[in-house]
$ cat coords_30.txt   # compact mmCIF, C-alpha atoms
# COMPACT_ATOMS: atom_id res chain seq x y z
CA MET A 1 -12.04 -17.93 45.98
CA LEU A 2 -14.05 -21.14 45.77
CA THR A 3 -14.06 -21.44 49.57
CA LEU A 4 -15.34 -17.88 49.80
CA LEU A 5 -18.08 -18.50 47.24
CA SER A 6 -19.05 -21.79 48.88
CA GLY A 7 -19.40 -20.08 52.25
CA ALA A 8 -21.50 -17.35 50.67
CA VAL A 9 -23.75 -19.97 49.07
CA PHE A 10 -24.17 -21.72 52.42
CA THR A 11 -25.15 -18.55 54.28
CA ASP A 12 -27.34 -17.37 51.40
CA LEU A 13 -29.26 -20.65 51.34
CA TYR A 14 -29.68 -21.01 55.09
CA LYS A 15 -29.83 -17.42 56.33
CA ASP A 16 -30.98 -15.54 53.17
CA LYS A 17 -27.99 -13.26 53.60
CA ILE A 18 -24.40 -13.04 52.40
CA TYR A 19 -22.39 -11.87 55.38
CA ASN A 20 -19.61 -9.32 55.14
CA LEU A 21 -17.64 -11.77 57.29
CA TRP A 22 -17.19 -13.78 54.08
CA LEU A 23 -16.81 -10.86 51.72
CA ILE A 24 -14.36 -8.44 53.33
CA PRO A 25 -11.59 -10.97 54.10
CA GLY A 26 -12.07 -12.48 50.64
CA LEU A 27 -11.78 -9.07 48.98
CA LEU A 28 -8.65 -8.31 50.99
CA VAL A 29 -7.07 -11.65 50.07
CA GLY A 30 -7.85 -11.04 46.39
CA ILE A 31 -6.33 -7.55 46.46
CA ILE A 32 -3.26 -8.65 48.43
CA THR A 33 -2.72 -11.62 46.13
CA ALA A 34 -2.97 -9.32 43.12
CA ALA A 35 -0.55 -6.84 44.74
CA LEU A 36 1.98 -9.62 45.27
CA GLY A 37 1.84 -10.20 41.52
CA GLY A 38 3.01 -6.66 40.84
CA LEU A 39 1.50 -3.31 40.01
CA GLU A 40 -0.01 -4.50 36.74
CA SER A 41 -1.78 -7.37 38.49
CA LEU A 42 -3.04 -5.05 41.23
CA LEU A 43 -4.39 -2.57 38.67
CA ALA A 44 -6.11 -5.40 36.80
CA ALA A 45 -7.79 -6.61 40.00
CA MET A 46 -8.88 -3.11 40.99
CA THR A 47 -10.23 -2.54 37.48
CA ALA A 48 -12.22 -5.80 37.64
CA ILE A 49 -13.63 -4.81 41.05
CA ALA A 50 -14.65 -1.36 39.80
CA PHE A 51 -16.08 -2.86 36.59
CA SER A 52 -18.30 -5.27 38.51
CA PHE A 53 -19.51 -2.44 40.76
CA VAL A 54 -20.34 -0.15 37.84
CA ILE A 55 -22.11 -2.90 35.88
CA LEU A 56 -24.12 -4.23 38.83
CA LEU A 57 -25.04 -0.98 40.59
CA PRO A 58 -27.96 -0.24 38.23
CA VAL A 59 -29.20 -3.82 38.63
CA TYR A 60 -29.12 -3.35 42.41
CA LEU A 61 -30.86 0.03 42.21
CA PHE A 62 -33.70 -1.55 40.21
CA LYS A 63 -33.98 -4.33 42.84
CA GLY A 64 -32.67 -6.99 40.44
CA ILE A 65 -30.15 -8.25 42.99
CA ALA A 66 -29.31 -7.49 46.60
CA ALA A 67 -26.34 -5.53 47.92
CA GLY A 68 -24.68 -8.73 49.15
CA ASP A 69 -24.73 -10.09 45.62
CA VAL A 70 -23.00 -6.97 44.30
CA LYS A 71 -20.36 -7.26 47.02
CA LEU A 72 -19.97 -10.98 46.27
CA PHE A 73 -19.29 -10.20 42.60
CA MET A 74 -16.80 -7.50 43.58
CA THR A 75 -14.99 -9.95 45.84
CA ALA A 76 -14.91 -12.63 43.15
CA ALA A 77 -13.70 -10.01 40.65
CA SER A 78 -10.63 -9.37 42.81
CA PHE A 79 -9.44 -12.84 41.76
CA MET A 80 -10.32 -12.50 38.05
CA SER A 81 -9.58 -10.37 35.03
CA VAL A 82 -12.12 -7.89 33.67
CA GLN A 83 -12.95 -10.31 30.83
CA ASP A 84 -13.49 -13.18 33.25
CA THR A 85 -15.55 -10.93 35.52
CA PHE A 86 -17.78 -9.91 32.62
CA SER A 87 -18.18 -13.54 31.55
CA CYS A 88 -18.99 -14.52 35.14
CA ILE A 89 -21.65 -11.82 35.44
CA ILE A 90 -23.32 -12.76 32.15
CA LEU A 91 -23.21 -16.47 32.90
CA SER A 92 -24.55 -15.91 36.43
CA PHE A 93 -27.58 -14.09 35.10
CA LEU A 94 -28.19 -16.84 32.51
CA ILE A 95 -27.95 -19.52 35.20
CA ALA A 96 -30.22 -17.48 37.49
CA GLY A 97 -32.75 -17.25 34.66
CA ILE A 98 -32.72 -21.01 34.20
CA ILE A 99 -33.13 -21.56 37.96
CA SER A 100 -35.98 -19.03 38.02
CA LEU A 101 -37.70 -20.85 35.19
CA PHE A 102 -37.53 -24.15 37.09
CA ILE A 103 -38.86 -22.45 40.24
CA LEU A 104 -41.79 -21.01 38.30
CA ILE A 105 -42.60 -24.34 36.67
CA PHE A 106 -42.17 -26.71 39.60
CA LYS A 107 -42.83 -24.59 42.69
CA ARG A 108 -45.58 -22.20 41.75
CA ASN A 109 -46.64 -21.42 45.30
CA LYS A 110 -43.15 -20.77 46.67
CA LYS A 111 -41.41 -17.49 47.29
CA ARG A 112 -40.25 -16.11 43.93
CA THR A 113 -36.68 -15.23 44.80
CA ILE A 114 -33.51 -17.13 44.12
CA HIS A 115 -30.29 -17.26 46.06
CA PHE A 116 -27.96 -15.49 43.65
CA ALA A 117 -24.79 -16.81 45.30
CA VAL A 118 -25.54 -20.19 43.71
CA PRO A 119 -25.34 -18.93 40.08
CA VAL A 120 -22.23 -16.91 40.99
CA LEU A 121 -20.49 -20.03 42.31
CA ILE A 122 -21.51 -22.12 39.29
CA SER A 123 -20.40 -19.46 36.82
CA ALA A 124 -17.08 -18.95 38.64
CA LEU A 125 -16.44 -22.69 38.45
CA PHE A 126 -17.03 -22.59 34.69
CA ILE A 127 -14.85 -19.48 34.22
CA ILE A 128 -11.98 -20.64 36.45
CA GLY A 129 -12.15 -24.15 35.04
CA GLY A 130 -11.64 -22.71 31.56
CA THR A 131 -14.83 -24.23 30.21
CA LEU A 132 -16.04 -20.91 28.82
$ encode --input "coords_30.txt" --output "C-alpha cells"
Amino acid sequence: MLTLLSGAVFTDLYKDKIYNLWLIPGLLVGIITAALGGLESLLAAMTAIAFSFVILLPVYLFKGIAAGDVKLFMTAASFMSVQDTFSCIILSFLIAGIISLFILIFKRNKKRTIHFAVPVLISALFIIGGTL
C-alpha cells in the first residue's frame, strides 16, 4: 500500500493527476489480499471501500477533492478496516488543512490547491504505524 501511495504522491506532485494505472492494480491487490484472508476479511475490505466512497462522494460533488483522491482513498481502504479508513480520512483532512494554512501564509501568490495524495500518504503512515 505504501508503494501505491508513494507512486500516487509522485504523479500528483509532478503531473497534477493520480493515474488509474496506480489505483486499479492497487485496489485489486487489496481485494485479493483480503479475499485470501477469508470471507470475513473480504467483507471488511469491501465495507471499508464502500464506506470511503459514501463519505467522500459529497466532498467530491462539492469540489472539495478530485475524483482521483476519492479513488485513492478507496484503494487505500482496501488494505484497512473501516475504523482505520475513517481515521485516515479525518487525519488526511486535518493534515491538508495544515498544509493549506502554510500555503496561504508563505505563498500568497501561488495556486491555491494542494496535492491531496500527500496528506493521504502521511495519514496512512500514522494509521498503519499504529501512532493513532
$ closest_residue --input "coords_30.txt" --among "A:Leu72, A:Leu43, A:Val54, A:Ala48" --to "Asn20 of chain A" --atoms "only C-alpha atoms"
A:Leu72
$ residues_around --input "coords_30.txt" --residues "Pro119 of chain A" --least-positions-apart "4" --cutoff "10 Å" --atoms "all atoms listed in the file" --output "PDB file with C-alpha atoms, in the frame of the given file"
ATOM      1  CA  VAL A   9     -23.750 -19.970  49.070  1.00  0.00           C
ATOM      2  CA  CYS A  88     -18.990 -14.520  35.140  1.00  0.00           C
ATOM      3  CA  ILE A  89     -21.650 -11.820  35.440  1.00  0.00           C
ATOM      4  CA  LEU A  91     -23.210 -16.470  32.900  1.00  0.00           C
ATOM      5  CA  SER A  92     -24.550 -15.910  36.430  1.00  0.00           C
ATOM      6  CA  PHE A  93     -27.580 -14.090  35.100  1.00  0.00           C
ATOM      7  CA  LEU A  94     -28.190 -16.840  32.510  1.00  0.00           C
ATOM      8  CA  ILE A  95     -27.950 -19.520  35.200  1.00  0.00           C
ATOM      9  CA  ALA A  96     -30.220 -17.480  37.490  1.00  0.00           C
ATOM     10  CA  GLY A  97     -32.750 -17.250  34.660  1.00  0.00           C
ATOM     11  CA  ILE A  98     -32.720 -21.010  34.200  1.00  0.00           C
ATOM     12  CA  ILE A  99     -33.130 -21.560  37.960  1.00  0.00           C
ATOM     13  CA  ILE A 114     -33.510 -17.130  44.120  1.00  0.00           C
ATOM     14  CA  HIS A 115     -30.290 -17.260  46.060  1.00  0.00           C
ATOM     15  CA  SER A 123     -20.400 -19.460  36.820  1.00  0.00           C
ATOM     16  CA  ALA A 124     -17.080 -18.950  38.640  1.00  0.00           C
ATOM     17  CA  LEU A 125     -16.440 -22.690  38.450  1.00  0.00           C
TER      18      LEU A 125
END
$ closest_residue --input "coords_30.txt" --among "A:Leu121, A:Ile65, A:Leu104, A:Ala34" --to "Ser81 of chain A" --atoms "only C-alpha atoms"
A:Ala34
$ residues_around --input "coords_30.txt" --residues "Phe51 of chain A" --least-positions-apart "5" --cutoff "9 Å" --atoms "all atoms listed in the file" --output "ChimeraX atom specification"
/A:46,56,74,77,82,85-86
$ residues_near_point --input "coords_30.txt" --point "(-25.4, -10.3, 44.5)" --cutoff "9 Å" --atoms "all atoms listed in the file" --output "list in words"
Ile18, Leu56, Tyr60, Gly64, Ile65, Ala66, Ala67, Gly68, Asp69, Val70, Lys71, Leu72, Phe73, His115, Phe116, Ala117 and Val120 of chain A
$ axis_aligned_box --input "coords_30.txt" --around "segment 57-76 of chain A" --padding-each-side "3 Å" --output "AutoDock Vina command-line options"
--center_x -24.4 --center_y -6.3 --center_z 43.7 --size_x 25.1 --size_y 18.7 --size_z 16.9
$ decode --input "coords_30.txt" --residues "segment 24-39 of chain A" --atoms "all heavy atoms" --output "PDB file, in the first residue's frame"
ATOM      1  N   ILE A  24      -6.017   1.145  -9.908  1.00  0.00           N
ATOM      2  CA  ILE A  24      -6.727  -0.107 -10.207  1.00  0.00           C
ATOM      3  C   ILE A  24      -5.935  -1.338  -9.761  1.00  0.00           C
ATOM      4  O   ILE A  24      -6.482  -2.189  -9.062  1.00  0.00           O
ATOM      5  CB  ILE A  24      -7.127  -0.168 -11.688  1.00  0.00           C
ATOM      6  CG1 ILE A  24      -8.185   0.911 -11.960  1.00  0.00           C
ATOM      7  CG2 ILE A  24      -7.658  -1.544 -12.068  1.00  0.00           C
ATOM      8  CD1 ILE A  24      -8.516   1.107 -13.415  1.00  0.00           C
ATOM      9  N   PRO A  25      -4.644  -1.448 -10.128  1.00  0.00           N
ATOM     10  CA  PRO A  25      -3.890  -2.616  -9.619  1.00  0.00           C
ATOM     11  C   PRO A  25      -3.817  -2.637  -8.090  1.00  0.00           C
ATOM     12  O   PRO A  25      -3.901  -3.703  -7.474  1.00  0.00           O
ATOM     13  CB  PRO A  25      -2.504  -2.459 -10.228  1.00  0.00           C
ATOM     14  CG  PRO A  25      -2.699  -1.589 -11.417  1.00  0.00           C
ATOM     15  CD  PRO A  25      -3.830  -0.669 -11.064  1.00  0.00           C
ATOM     16  N   GLY A  26      -3.676  -1.477  -7.487  1.00  0.00           N
ATOM     17  CA  GLY A  26      -3.626  -1.411  -6.024  1.00  0.00           C
ATOM     18  C   GLY A  26      -4.924  -1.871  -5.388  1.00  0.00           C
ATOM     19  O   GLY A  26      -4.924  -2.606  -4.401  1.00  0.00           O
ATOM     20  N   LEU A  27      -6.047  -1.443  -5.961  1.00  0.00           N
ATOM     21  CA  LEU A  27      -7.357  -1.867  -5.467  1.00  0.00           C
ATOM     22  C   LEU A  27      -7.517  -3.379  -5.617  1.00  0.00           C
ATOM     23  O   LEU A  27      -7.986  -4.049  -4.687  1.00  0.00           O
ATOM     24  CB  LEU A  27      -8.463  -1.122  -6.208  1.00  0.00           C
ATOM     25  CG  LEU A  27      -9.895  -1.413  -5.772  1.00  0.00           C
ATOM     26  CD1 LEU A  27     -10.112  -0.966  -4.333  1.00  0.00           C
ATOM     27  CD2 LEU A  27     -10.873  -0.716  -6.703  1.00  0.00           C
ATOM     28  N   LEU A  28      -7.103  -3.898  -6.755  1.00  0.00           N
ATOM     29  CA  LEU A  28      -7.202  -5.350  -6.978  1.00  0.00           C
ATOM     30  C   LEU A  28      -6.322  -6.133  -6.003  1.00  0.00           C
ATOM     31  O   LEU A  28      -6.750  -7.160  -5.468  1.00  0.00           O
ATOM     32  CB  LEU A  28      -6.842  -5.693  -8.421  1.00  0.00           C
ATOM     33  CG  LEU A  28      -7.838  -5.231  -9.475  1.00  0.00           C
ATOM     34  CD1 LEU A  28      -7.302  -5.508 -10.877  1.00  0.00           C
ATOM     35  CD2 LEU A  28      -9.186  -5.902  -9.267  1.00  0.00           C
ATOM     36  N   VAL A  29      -5.121  -5.651  -5.757  1.00  0.00           N
ATOM     37  CA  VAL A  29      -4.234  -6.315  -4.798  1.00  0.00           C
ATOM     38  C   VAL A  29      -4.846  -6.287  -3.403  1.00  0.00           C
ATOM     39  O   VAL A  29      -4.824  -7.290  -2.684  1.00  0.00           O
ATOM     40  CB  VAL A  29      -2.826  -5.683  -4.801  1.00  0.00           C
ATOM     41  CG1 VAL A  29      -1.994  -6.148  -3.611  1.00  0.00           C
ATOM     42  CG2 VAL A  29      -2.099  -6.001  -6.098  1.00  0.00           C
ATOM     43  N   GLY A  30      -5.413  -5.157  -3.019  1.00  0.00           N
ATOM     44  CA  GLY A  30      -6.054  -5.059  -1.706  1.00  0.00           C
ATOM     45  C   GLY A  30      -7.222  -6.018  -1.566  1.00  0.00           C
ATOM     46  O   GLY A  30      -7.371  -6.692  -0.540  1.00  0.00           O
ATOM     47  N   ILE A  31      -8.053  -6.106  -2.601  1.00  0.00           N
ATOM     48  CA  ILE A  31      -9.215  -7.007  -2.552  1.00  0.00           C
ATOM     49  C   ILE A  31      -8.772  -8.467  -2.566  1.00  0.00           C
ATOM     50  O   ILE A  31      -9.292  -9.288  -1.795  1.00  0.00           O
ATOM     51  CB  ILE A  31     -10.173  -6.699  -3.719  1.00  0.00           C
ATOM     52  CG1 ILE A  31     -10.823  -5.336  -3.508  1.00  0.00           C
ATOM     53  CG2 ILE A  31     -11.232  -7.785  -3.861  1.00  0.00           C
ATOM     54  CD1 ILE A  31     -11.612  -4.830  -4.702  1.00  0.00           C
ATOM     55  N   ILE A  32      -7.800  -8.794  -3.402  1.00  0.00           N
ATOM     56  CA  ILE A  32      -7.316 -10.182  -3.467  1.00  0.00           C
ATOM     57  C   ILE A  32      -6.654 -10.580  -2.156  1.00  0.00           C
ATOM     58  O   ILE A  32      -6.867 -11.689  -1.652  1.00  0.00           O
ATOM     59  CB  ILE A  32      -6.357 -10.359  -4.664  1.00  0.00           C
ATOM     60  CG1 ILE A  32      -7.143 -10.261  -5.971  1.00  0.00           C
ATOM     61  CG2 ILE A  32      -5.606 -11.688  -4.577  1.00  0.00           C
ATOM     62  CD1 ILE A  32      -6.286 -10.143  -7.217  1.00  0.00           C
ATOM     63  N   THR A  33      -5.866  -9.683  -1.595  1.00  0.00           N
ATOM     64  CA  THR A  33      -5.222  -9.967  -0.304  1.00  0.00           C
ATOM     65  C   THR A  33      -6.272 -10.199   0.776  1.00  0.00           C
ATOM     66  O   THR A  33      -6.148 -11.117   1.589  1.00  0.00           O
ATOM     67  CB  THR A  33      -4.298  -8.801   0.094  1.00  0.00           C
ATOM     68  OG1 THR A  33      -3.327  -8.613  -0.925  1.00  0.00           O
ATOM     69  CG2 THR A  33      -3.607  -9.074   1.420  1.00  0.00           C
ATOM     70  N   ALA A  34      -7.309  -9.381   0.767  1.00  0.00           N
ATOM     71  CA  ALA A  34      -8.389  -9.548   1.746  1.00  0.00           C
ATOM     72  C   ALA A  34      -9.113 -10.874   1.508  1.00  0.00           C
ATOM     73  O   ALA A  34      -9.450 -11.580   2.468  1.00  0.00           O
ATOM     74  CB  ALA A  34      -9.363  -8.381   1.666  1.00  0.00           C
ATOM     75  N   ALA A  35      -9.343 -11.230   0.253  1.00  0.00           N
ATOM     76  CA  ALA A  35     -10.026 -12.490  -0.067  1.00  0.00           C
ATOM     77  C   ALA A  35      -9.219 -13.690   0.389  1.00  0.00           C
ATOM     78  O   ALA A  35      -9.789 -14.698   0.835  1.00  0.00           O
ATOM     79  CB  ALA A  35     -10.303 -12.581  -1.566  1.00  0.00           C
ATOM     80  N   LEU A  36      -7.904 -13.588   0.312  1.00  0.00           N
ATOM     81  CA  LEU A  36      -7.051 -14.688   0.777  1.00  0.00           C
ATOM     82  C   LEU A  36      -7.143 -14.863   2.289  1.00  0.00           C
ATOM     83  O   LEU A  36      -6.859 -15.940   2.809  1.00  0.00           O
ATOM     84  CB  LEU A  36      -5.596 -14.448   0.357  1.00  0.00           C
ATOM     85  CG  LEU A  36      -5.325 -14.508  -1.147  1.00  0.00           C
ATOM     86  CD1 LEU A  36      -3.884 -14.122  -1.449  1.00  0.00           C
ATOM     87  CD2 LEU A  36      -5.645 -15.892  -1.694  1.00  0.00           C
ATOM     88  N   GLY A  37      -7.558 -13.826   2.975  1.00  0.00           N
ATOM     89  CA  GLY A  37      -7.736 -13.891   4.425  1.00  0.00           C
ATOM     90  C   GLY A  37      -9.073 -14.481   4.844  1.00  0.00           C
ATOM     91  O   GLY A  37      -9.346 -14.610   6.027  1.00  0.00           O
ATOM     92  N   GLY A  38      -9.911 -14.792   3.877  1.00  0.00           N
ATOM     93  CA  GLY A  38     -11.205 -15.381   4.189  1.00  0.00           C
ATOM     94  C   GLY A  38     -12.349 -14.434   3.885  1.00  0.00           C
ATOM     95  O   GLY A  38     -12.158 -13.252   3.578  1.00  0.00           O
ATOM     96  N   LEU A  39     -13.553 -14.975   3.983  1.00  0.00           N
ATOM     97  CA  LEU A  39     -14.749 -14.213   3.652  1.00  0.00           C
ATOM     98  C   LEU A  39     -14.925 -13.010   4.566  1.00  0.00           C
ATOM     99  O   LEU A  39     -15.298 -11.921   4.112  1.00  0.00           O
ATOM    100  CB  LEU A  39     -15.984 -15.122   3.722  1.00  0.00           C
ATOM    101  CG  LEU A  39     -17.309 -14.466   3.361  1.00  0.00           C
ATOM    102  CD1 LEU A  39     -17.288 -13.950   1.927  1.00  0.00           C
ATOM    103  CD2 LEU A  39     -18.464 -15.426   3.576  1.00  0.00           C
TER     104      LEU A  39
END
